[in-house]
Each structure stands twice: as structure tokens, then as C-alpha cells.
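This report concerns only the one structure given below.
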Amino acid sequence: MRTTTCLSLLVLAGSIALPAAAQKTTAEGIAEYRALLQDGNPAELFEAKGEDLWKQKRGPKAASMEKCDLGKGPGVVKGAFAELPRYFPDTGRVQDMESRLLTCMETLQGFDAAAIAKTPFGQGEQKNLEGLVAWISAESKGLPLNLPQSHASERRAYEVGKRLFFLRAGPHDFACATCHGADGKRIRLQDLPNLTKNPGAGEGFGAWPAYRVSSGELWGMQRRLNDCFRQQRFPYPGYASDVTVALAVYMGVNGKGGKTTAPAIKR
Amino acid sequence: MADPMRIRAQAAGDKTTVRILMAHEMETGQRKDAAGKTIPAWFIQEVTASLNGKTVLTADWGPAVSKNPFMQFTLKGAKAGDKIAVTWKDNRGDTRTDEATVS
Amino acid sequence: MKNRRQMLTQSAALAGLAATAGWLPATALAYSKDAFDAKSVADALKAVGVTGAPTESKDVTITGPDIAENGAVVPLSVATTLPGVKQLMLLVEKNPNAVVAIFNTSEFVESNFTTRAKLGQSSDVYAIAVMNDGKALFAKKEVKVTLGGCGG
């Protein structure tokens, strides 16, 4: 509420002082726009759905997700998001939140994980995943990112992710690093986070899943990465594929200590 | 049945800030789908809020209100424990009411 | 297949409808369709019965960002400290239809309302206080709409 009062004073002051020099910079303007949106994030509507879905008996096995192990023990949701991706002994591989949800939806509820992975974003079970990732990430909100690197597979995933991050490919010879590999980069009016180290890595990685106002949709990290690949004119990565998990490990480990804001609100 | 709203009502002195998030597409009727057909308008037209059963706010909306609408207003003379109810009605005649307690 | 929470929400919703059904004042205003169909600010004001041209007033405020990263969601507040106000309207001049929302003032709420609007393009946005005597007072500001990032 105080922000609005200060802003109305700023706005009134701005309208009295006519010269352009008196007005704030574009970056400040964008920051103000984002601040105004913080209170009342439609992602909360998805969180409510996700909590219901976690507890609801669904699928061919008519079971809930309440026994799903997200890395901190069966059913432990608080804090799990801040430690993903990580290695899981039962599947023998490093998994991110969405990959792990597929595992649980298949083993506990009897869904066909491969079919869900092929389902387009926003449809069918992919729509339900939006609610689940929103809620699960909300249960870690404000916690510092703390991805484990104790298992050899986790360390290897980091190294693979790093190479993928800097790999130039596609018809435009882009790499993730082209946009996110150094400080001070920008696309039009958007400042791009440097994902190779903090604070950019923590802020960038810790903000997804997020509600995107431009489409009014809740995007998980998988959808965010998928869209990055599309923008670089790369072939689409598979949903919850090793490539996406490796990149997530690279960013998340680089962001160690950064406080999560997911589910955030984005343009 | 439409998804529930999120209503937060916080009292500070004799002023209560009420913040509401509604789940609604708010389709303008200006967009076309992939086949080129116009997507019909579908949006909340009327919003009412009540305090302990008494109407305190009414508003008319058009399709230019953003998708998954947010609304904030300040109530006078409410206190912790009071009941706020918010109702919306859209152009299809669908309606939804949710309640919250002032904290 | 409803879970318990859905059933509770539904019964609460039905109870809410029943409770409010008899409580609305008989003079509840009908939906102002003509105002929302109006293309321009001037036509919208005519549709709500405003007489004469609106005058700018320091006692009416429109609050919002100078620049929006995306026109789909622009946070805006309309407010006034004046007495004798019937309605507070939020308008976007360059939208296909100018009126975004009409808030009816009451003794129970402050004349200060916040919502989020779609802006089709950079435009002046207006807060207009429609007075009981049929006059209109306004405040306006410009909001620039941009398209951030890789566009989309």
C-alpha cells in the first residue's frame, strides 16, 4: 500500500516537472512496473490447484501424490524445490522437479510418463503439472538454493550442463551464453541475467516456475527452457530430458545461496 | 464451476485492505484462433463485495480488465473476524462467490 | 470426482449466493452496457449521463507505471478525495473501447480502487470521477507499452 502512495507522489511530481531529464530512467520505469505487480500474483491461483492435485487420488491406480519423494523423503514438500535437481537412487539418475513428478505420477498413480512428456504444454496432464510445480515451488519460497553436488552423477550433470550452456549451435550459432553468459546484456528493454554466477544465476533460476503476464500462463522451468531452445532455433529438447536437467543443475548450482522467488510473476 | 478466488483482507486500525485474485479468462472477443475464427468474448461484468452480508462495493467491468483479474480496495469500519464475501458474474451468466475473514 | 475441498467451496459458494440474493439494494445499478460499448472517452461519459466536458482536477488521481513491459497487464489505480462522487471510471483512450471499469462509490469503501488493465498500445489512461450533479472531473497520465525480451 505504501508503494502506491509513494508512486502516486512520484507520478504527481513527474507530471509537474515537465523536462524529460527530470523523469526516471527506463530501467527504473521497468523496475517500478514489476514492483507494482508483485502483490497479487495469479500464480497463487495455480498454487491452490496444485495443492489439491497433490492430495487428490488420481490416475489408473487411484492414488494421491502424498508418498512422492522429491528428494527429502516421501511426502516432504517443504524445501524440496530449493534442492532440485538432484540424484535419486530409485531411478539411478539426476532429476529435476518435473522429471521427478513424472516418475511419481507413473509409479504411484499409474499415469504414462512418456505420454505426458509428449503432451503439449498447457493441455491435459501438462495443465495439471502447472498447478503442481507452482505449489511445490511455493513451499520453498524464500529459501536459499542448495542443490546437492555430493553424488558423482550430480557433479557430472553440472559439467555436462556447463558444456551445453556454452555450446554454440543452430542456424544462428547461438548458445545460452550468448544472452546469459556475461553481465550487462540486454534484449530491447529487458536486462538479461548472467546465469554463470550469482546474483544472476540465483535470481534467474530461482524465479521459475513463474506466471507470465504476456500470455496469462504459468510456465515451469521445462517450458522456459523449451522456449529458450525455440528462440535460438534449436530443435526442441524432450520434456524433462537429460539435456534440460543438466542445464538446470548448472544454473541452480551457480545460484547456490540465492533466495527463491518462485512462483514469480514475469512479463 | 469456476476456480475459487483468493481473497485477503487485512485490518489496520479502522481501514481494511482487501485484495482479490479471480480466476477468469477475460476474453475480449477481439482475438482470433489458429483457424482464423474469432474467440467469443467471455469476461466478468459485475463484481460485488459484502461485509457481514451487507453490500459495500459494486463495480462493472469490461473485457479490458486483465486475465486472472486483480482488484484492491479499502473497507472502512471493518474489524478482525468480520466476513467478506466477493461475487462476480460474467457475460455468460456464470457466477462465483467466495468468502474470507478479515485478519 | 470432487474432493472434499471442492465440495466445501461449492457449498460455501451456494450459501454466499443465497445470503447476498436478498441483500442487494433495490436501486442496484444495471450493467452499463452503453458505456462499455463506447469507443471514445467522450462517448463513454455521455453514456453514463455526464453533462458537459470533463474538467481536470488535482483531487482525482490516476496511478500506474510510466512504462509497461507488456500491455496485457498494466496495474492502475483510480482515486478521489472529493465528496459527492457517484462513480469512478477507469479508461484507456486508445483501446478499442475506452472504458475498462466503473466503480460505484459508497460510504463503506474509500474512493480508491486498484485493478489491472489491458492496453493495446501506448496510451493516455484516465481516472474520471462522475459527480452526483452530472459533472465529470478527471486525471490522466501516459503509459508507454513495450514488448520485452524476445517478443512474446
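By order of appearance in the C-alpha cells: chains A, B, ..., then residues from 1 within every chain, and ligands from 1 in the order shown.
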Review point. Would you list which chain B residues are within 12 Å of chain A using only C-alpha atoms, as a PyMOL selection string?
Key: chain B and resi 2-8+10+12+15-27+66-74
For the residues in that selection, give me N, CA and C atoms as a PDB file, in the first residue's frame.
ATOM      1  N   ALA B   2     -16.394 -22.447 -11.775  1.00  0.00           N
ATOM      2  CA  ALA B   2     -15.143 -21.705 -11.943  1.00  0.00           C
ATOM      3  C   ALA B   2     -14.230 -21.923 -10.744  1.00  0.00           C
ATOM      4  N   ASP B   3     -12.938 -21.696 -10.964  1.00  0.00           N
ATOM      5  CA  ASP B   3     -11.974 -21.861  -9.884  1.00  0.00           C
ATOM      6  C   ASP B   3     -12.168 -20.800  -8.819  1.00  0.00           C
ATOM      7  N   PRO B   4     -11.828 -21.120  -7.571  1.00  0.00           N
ATOM      8  CA  PRO B   4     -12.023 -20.175  -6.478  1.00  0.00           C
ATOM      9  C   PRO B   4     -11.132 -18.944  -6.591  1.00  0.00           C
ATOM     10  N   MET B   5     -11.619 -17.843  -5.973  1.00  0.00           N
ATOM     11  CA  MET B   5     -10.826 -16.617  -5.888  1.00  0.00           C
ATOM     12  C   MET B   5      -9.901 -16.728  -4.691  1.00  0.00           C
ATOM     13  N   ARG B   6      -8.898 -15.867  -4.690  1.00  0.00           N
ATOM     14  CA  ARG B   6      -8.073 -15.738  -3.490  1.00  0.00           C
ATOM     15  C   ARG B   6      -8.374 -14.367  -2.922  1.00  0.00           C
ATOM     16  N   ILE B   7      -8.892 -14.331  -1.702  1.00  0.00           N
ATOM     17  CA  ILE B   7      -9.259 -13.065  -1.073  1.00  0.00           C
ATOM     18  C   ILE B   7      -8.430 -12.894   0.186  1.00  0.00           C
ATOM     19  N   ARG B   8      -7.765 -11.741   0.309  1.00  0.00           N
ATOM     20  CA  ARG B   8      -7.038 -11.424   1.535  1.00  0.00           C
ATOM     21  C   ARG B   8      -7.589 -10.110   2.070  1.00  0.00           C
ATOM     22  N   GLN B  10      -6.947  -7.503   5.265  1.00  0.00           N
ATOM     23  CA  GLN B  10      -6.131  -7.216   6.446  1.00  0.00           C
ATOM     24  C   GLN B  10      -6.556  -5.892   7.058  1.00  0.00           C
ATOM     25  N   ALA B  12      -6.075  -2.714   9.533  1.00  0.00           N
ATOM     26  CA  ALA B  12      -5.068  -1.888  10.209  1.00  0.00           C
ATOM     27  C   ALA B  12      -5.815  -0.657  10.707  1.00  0.00           C
ATOM     28  N   LYS B  15      -9.215   0.736   8.931  1.00  0.00           N
ATOM     29  CA  LYS B  15      -9.193   0.519   7.486  1.00  0.00           C
ATOM     30  C   LYS B  15      -8.776  -0.924   7.211  1.00  0.00           C
ATOM     31  N   THR B  16      -9.486  -1.550   6.312  1.00  0.00           N
ATOM     32  CA  THR B  16      -9.161  -2.921   5.929  1.00  0.00           C
ATOM     33  C   THR B  16      -8.837  -2.957   4.449  1.00  0.00           C
ATOM     34  N   THR B  17      -7.621  -3.425   4.128  1.00  0.00           N
ATOM     35  CA  THR B  17      -7.240  -3.556   2.722  1.00  0.00           C
ATOM     36  C   THR B  17      -7.694  -4.914   2.224  1.00  0.00           C
ATOM     37  N   VAL B  18      -8.491  -4.912   1.179  1.00  0.00           N
ATOM     38  CA  VAL B  18      -8.995  -6.151   0.609  1.00  0.00           C
ATOM     39  C   VAL B  18      -8.348  -6.355  -0.753  1.00  0.00           C
ATOM     40  N   ARG B  19      -7.700  -7.505  -0.930  1.00  0.00           N
ATOM     41  CA  ARG B  19      -7.041  -7.821  -2.205  1.00  0.00           C
ATOM     42  C   ARG B  19      -7.656  -9.100  -2.738  1.00  0.00           C
ATOM     43  N   ILE B  20      -8.032  -9.078  -4.007  1.00  0.00           N
ATOM     44  CA  ILE B  20      -8.713 -10.236  -4.590  1.00  0.00           C
ATOM     45  C   ILE B  20      -8.046 -10.635  -5.895  1.00  0.00           C
ATOM     46  N   LEU B  21      -7.821 -11.935  -6.054  1.00  0.00           N
ATOM     47  CA  LEU B  21      -7.370 -12.506  -7.324  1.00  0.00           C
ATOM     48  C   LEU B  21      -8.480 -13.414  -7.813  1.00  0.00           C
ATOM     49  N   MET B  22      -8.963 -13.178  -9.036  1.00  0.00           N
ATOM     50  CA  MET B  22     -10.033 -14.026  -9.575  1.00  0.00           C
ATOM     51  C   MET B  22      -9.485 -14.853 -10.734  1.00  0.00           C
ATOM     52  N   ALA B  23      -9.986 -16.059 -10.877  1.00  0.00           N
ATOM     53  CA  ALA B  23      -9.573 -16.911 -11.983  1.00  0.00           C
ATOM     54  C   ALA B  23     -10.587 -16.749 -13.108  1.00  0.00           C
ATOM     55  N   HIS B  24     -10.203 -16.045 -14.153  1.00  0.00           N
ATOM     56  CA  HIS B  24     -11.119 -15.867 -15.287  1.00  0.00           C
ATOM     57  C   HIS B  24     -10.332 -15.505 -16.531  1.00  0.00           C
ATOM     58  N   GLU B  25     -10.741 -16.042 -17.678  1.00  0.00           N
ATOM     59  CA  GLU B  25     -10.038 -15.817 -18.943  1.00  0.00           C
ATOM     60  C   GLU B  25     -10.099 -14.366 -19.413  1.00  0.00           C
ATOM     61  N   MET B  26     -11.194 -13.673 -19.130  1.00  0.00           N
ATOM     62  CA  MET B  26     -11.383 -12.277 -19.572  1.00  0.00           C
ATOM     63  C   MET B  26     -11.065 -12.148 -21.062  1.00  0.00           C
ATOM     64  N   GLU B  27     -11.712 -12.941 -21.842  1.00  0.00           N
ATOM     65  CA  GLU B  27     -11.523 -12.929 -23.296  1.00  0.00           C
ATOM     66  C   GLU B  27     -12.208 -11.708 -23.900  1.00  0.00           C
ATOM     67  N   SER B  66      -7.596  -7.166 -17.115  1.00  0.00           N
ATOM     68  CA  SER B  66      -6.659  -8.246 -17.454  1.00  0.00           C
ATOM     69  C   SER B  66      -7.156  -9.633 -17.058  1.00  0.00           C
ATOM     70  N   LYS B  67      -6.647 -10.625 -17.748  1.00  0.00           N
ATOM     71  CA  LYS B  67      -6.931 -12.023 -17.430  1.00  0.00           C
ATOM     72  C   LYS B  67      -6.485 -12.326 -16.002  1.00  0.00           C
ATOM     73  N   ASN B  68      -7.235 -13.219 -15.342  1.00  0.00           N
ATOM     74  CA  ASN B  68      -6.991 -13.517 -13.929  1.00  0.00           C
ATOM     75  C   ASN B  68      -6.936 -12.214 -13.129  1.00  0.00           C
ATOM     76  N   PRO B  69      -8.089 -11.522 -13.098  1.00  0.00           N
ATOM     77  CA  PRO B  69      -8.128 -10.152 -12.577  1.00  0.00           C
ATOM     78  C   PRO B  69      -7.699 -10.011 -11.121  1.00  0.00           C
ATOM     79  N   PHE B  70      -7.081  -8.863 -10.860  1.00  0.00           N
ATOM     80  CA  PHE B  70      -6.702  -8.472  -9.510  1.00  0.00           C
ATOM     81  C   PHE B  70      -7.468  -7.209  -9.174  1.00  0.00           C
ATOM     82  N   MET B  71      -7.988  -7.138  -7.959  1.00  0.00           N
ATOM     83  CA  MET B  71      -8.671  -5.920  -7.528  1.00  0.00           C
ATOM     84  C   MET B  71      -8.305  -5.637  -6.084  1.00  0.00           C
ATOM     85  N   GLN B  72      -8.126  -4.371  -5.760  1.00  0.00           N
ATOM     86  CA  GLN B  72      -7.840  -3.984  -4.384  1.00  0.00           C
ATOM     87  C   GLN B  72      -8.693  -2.778  -4.012  1.00  0.00           C
ATOM     88  N   PHE B  73      -9.251  -2.799  -2.814  1.00  0.00           N
ATOM     89  CA  PHE B  73      -9.986  -1.636  -2.318  1.00  0.00           C
ATOM     90  C   PHE B  73      -9.841  -1.589  -0.806  1.00  0.00           C
ATOM     91  N   THR B  74     -10.249  -0.458  -0.219  1.00  0.00           N
ATOM     92  CA  THR B  74     -10.110  -0.281   1.220  1.00  0.00           C
ATOM     93  C   THR B  74     -11.478  -0.126   1.855  1.00  0.00           C
TER      94      THR B  74
END
Practice item. When you get a sec, could you note down which chain C residues fall within 6 Å of chain B, using only C-alpha atoms, as number ranges by chain? Key: C: 13, 16, 73, 100-104, 108-110, 113-118
Can you write out the residues you just picked, keeping C-alpha atoms, as an mmCIF file, in the first residue's frame?
data_model
loop_
_atom_site.group_PDB
_atom_site.id
_atom_site.type_symbol
_atom_site.label_atom_id
_atom_site.label_comp_id
_atom_site.auth_asym_id
_atom_site.auth_seq_id
_atom_site.Cartn_x
_atom_site.Cartn_y
_atom_site.Cartn_z
ATOM 1 C CA ALA C 13 -20.478 -20.512 -2.885
ATOM 2 C CA GLY C 16 -22.961 -16.993 -0.455
ATOM 3 C CA VAL C 73 -1.335 -6.454 -17.544
ATOM 4 C CA VAL C 100 -12.082 -0.548 -18.555
ATOM 5 C CA ALA C 101 -14.068 -0.471 -15.316
ATOM 6 C CA ILE C 102 -16.653 1.547 -13.426
ATOM 7 C CA PHE C 103 -16.501 1.531 -9.628
ATOM 8 C CA ASN C 104 -19.523 2.747 -7.688
ATOM 9 C CA PHE C 108 -18.363 1.827 3.223
ATOM 10 C CA VAL C 109 -15.297 1.925 0.989
ATOM 11 C CA GLU C 110 -12.642 4.522 0.253
ATOM 12 C CA PHE C 113 -9.690 1.235 -6.440
ATOM 13 C CA THR C 114 -6.869 -0.754 -7.997
ATOM 14 C CA THR C 115 -7.060 -3.222 -10.819
ATOM 15 C CA ARG C 116 -5.083 -4.307 -13.884
ATOM 16 C CA ALA C 117 -5.987 -3.376 -17.415
ATOM 17 C CA LYS C 118 -5.055 -4.445 -20.915
#
Exercise for review: Could you give me, as a count of residues only, the residues within 10 Å of segment 229-238 of chain A, counting only C-alpha atoms and dropping anything in the same chain fewer than 6 positions from it?
Suggested key: 17
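Of the listed residues (C:Pro54, C:Gly49, C:Pro75, C:Pro96), C:Pro75 comes nearest to chain A; the distances count only C-alpha atoms.
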**Study point:** All strand (DSSP E) residues (DSSP, backbone) inside segment 14-146 of chain C, as a ChimeraX atom specification
**Key:** /C:55-56,60-63,67-68,74-80,85-92,99-104,109-117,123-131,136-145
Given the selection you just returned, output its residues as a file containing C-alpha atoms, formatted as a CSV table (one decimal), in the first residue's frame.
chain,number,residue,atom,x,y,z
C,55,THR,CA,-12.5,19.2,-16.2
C,56,GLU,CA,-9.1,18.3,-15.0
C,60,VAL,CA,-8.8,13.0,-8.8
C,61,THR,CA,-5.7,10.7,-9.2
C,62,ILE,CA,-4.7,8.0,-11.7
C,63,THR,CA,-1.8,5.9,-10.5
C,67,ILE,CA,6.1,2.1,-18.8
C,68,ALA,CA,4.7,-1.4,-19.0
C,74,VAL,CA,-1.0,-2.8,-16.5
C,75,PRO,CA,-1.6,-2.1,-12.8
C,76,LEU,CA,-3.7,1.1,-12.4
C,77,SER,CA,-5.5,2.8,-9.5
C,78,VAL,CA,-8.2,5.4,-9.7
C,79,ALA,CA,-8.9,7.6,-6.6
C,80,THR,CA,-10.5,10.8,-5.4
C,85,VAL,CA,-18.9,11.4,-6.3
C,86,LYS,CA,-21.2,8.7,-7.8
C,87,GLN,CA,-18.7,6.7,-9.8
C,88,LEU,CA,-15.0,6.4,-10.5
C,89,MET,CA,-14.2,5.3,-14.0
C,90,LEU,CA,-11.0,3.9,-15.5
C,91,LEU,CA,-10.5,4.5,-19.2
C,92,VAL,CA,-7.8,3.8,-21.7
C,99,VAL,CA,-13.9,2.1,-20.6
C,100,VAL,CA,-12.1,-0.5,-18.6
C,101,ALA,CA,-14.1,-0.5,-15.3
C,102,ILE,CA,-16.7,1.5,-13.4
C,103,PHE,CA,-16.5,1.5,-9.6
C,104,ASN,CA,-19.5,2.7,-7.7
C,109,VAL,CA,-15.3,1.9,1.0
C,110,GLU,CA,-12.6,4.5,0.3
C,111,SER,CA,-12.9,6.0,-3.2
C,112,ASN,CA,-9.6,4.3,-4.2
C,113,PHE,CA,-9.7,1.2,-6.4
C,114,THR,CA,-6.9,-0.8,-8.0
C,115,THR,CA,-7.1,-3.2,-10.8
C,116,ARG,CA,-5.1,-4.3,-13.9
C,117,ALA,CA,-6.0,-3.4,-17.4
C,123,SER,CA,-2.0,5.5,-24.4
C,124,ASP,CA,-3.3,8.1,-22.0
C,125,VAL,CA,-5.2,6.5,-19.2
C,126,TYR,CA,-7.9,8.3,-17.3
C,127,ALA,CA,-9.5,8.3,-13.9
C,128,ILE,CA,-12.8,10.1,-14.2
C,129,ALA,CA,-15.0,11.0,-11.2
C,130,VAL,CA,-18.6,11.2,-12.2
C,131,MET,CA,-20.3,13.6,-9.7
C,136,ALA,CA,-17.1,14.9,-14.5
C,137,LEU,CA,-13.6,15.5,-13.2
C,138,PHE,CA,-10.6,13.7,-14.4
C,139,ALA,CA,-6.9,13.0,-14.1
C,140,LYS,CA,-4.8,11.4,-16.8
C,141,LYS,CA,-1.3,10.0,-17.4
C,142,GLU,CA,0.5,8.4,-20.2
C,143,VAL,CA,1.5,4.8,-20.1
C,144,LYS,CA,4.0,3.5,-22.6
C,145,VAL,CA,3.6,-0.1,-23.6
Check your understanding: Once you count only C-alpha atoms, which residues of chain A turn out to be within 8 Å of chain C? Could you give them as number ranges by chain?
Key -> A: 4, 7-8, 11, 26, 29-30, 32-33, 36-37, 52, 56, 187-190, 213-215, 231, 267
Exercise for review: Kindly give the distance, in Å, that separates atom CA of Lys32 of chain B and atom CA of Ala35 of chain C, rounded to a single decimal.
Suggested key: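 Distance between the two atoms: 24.5 Å.
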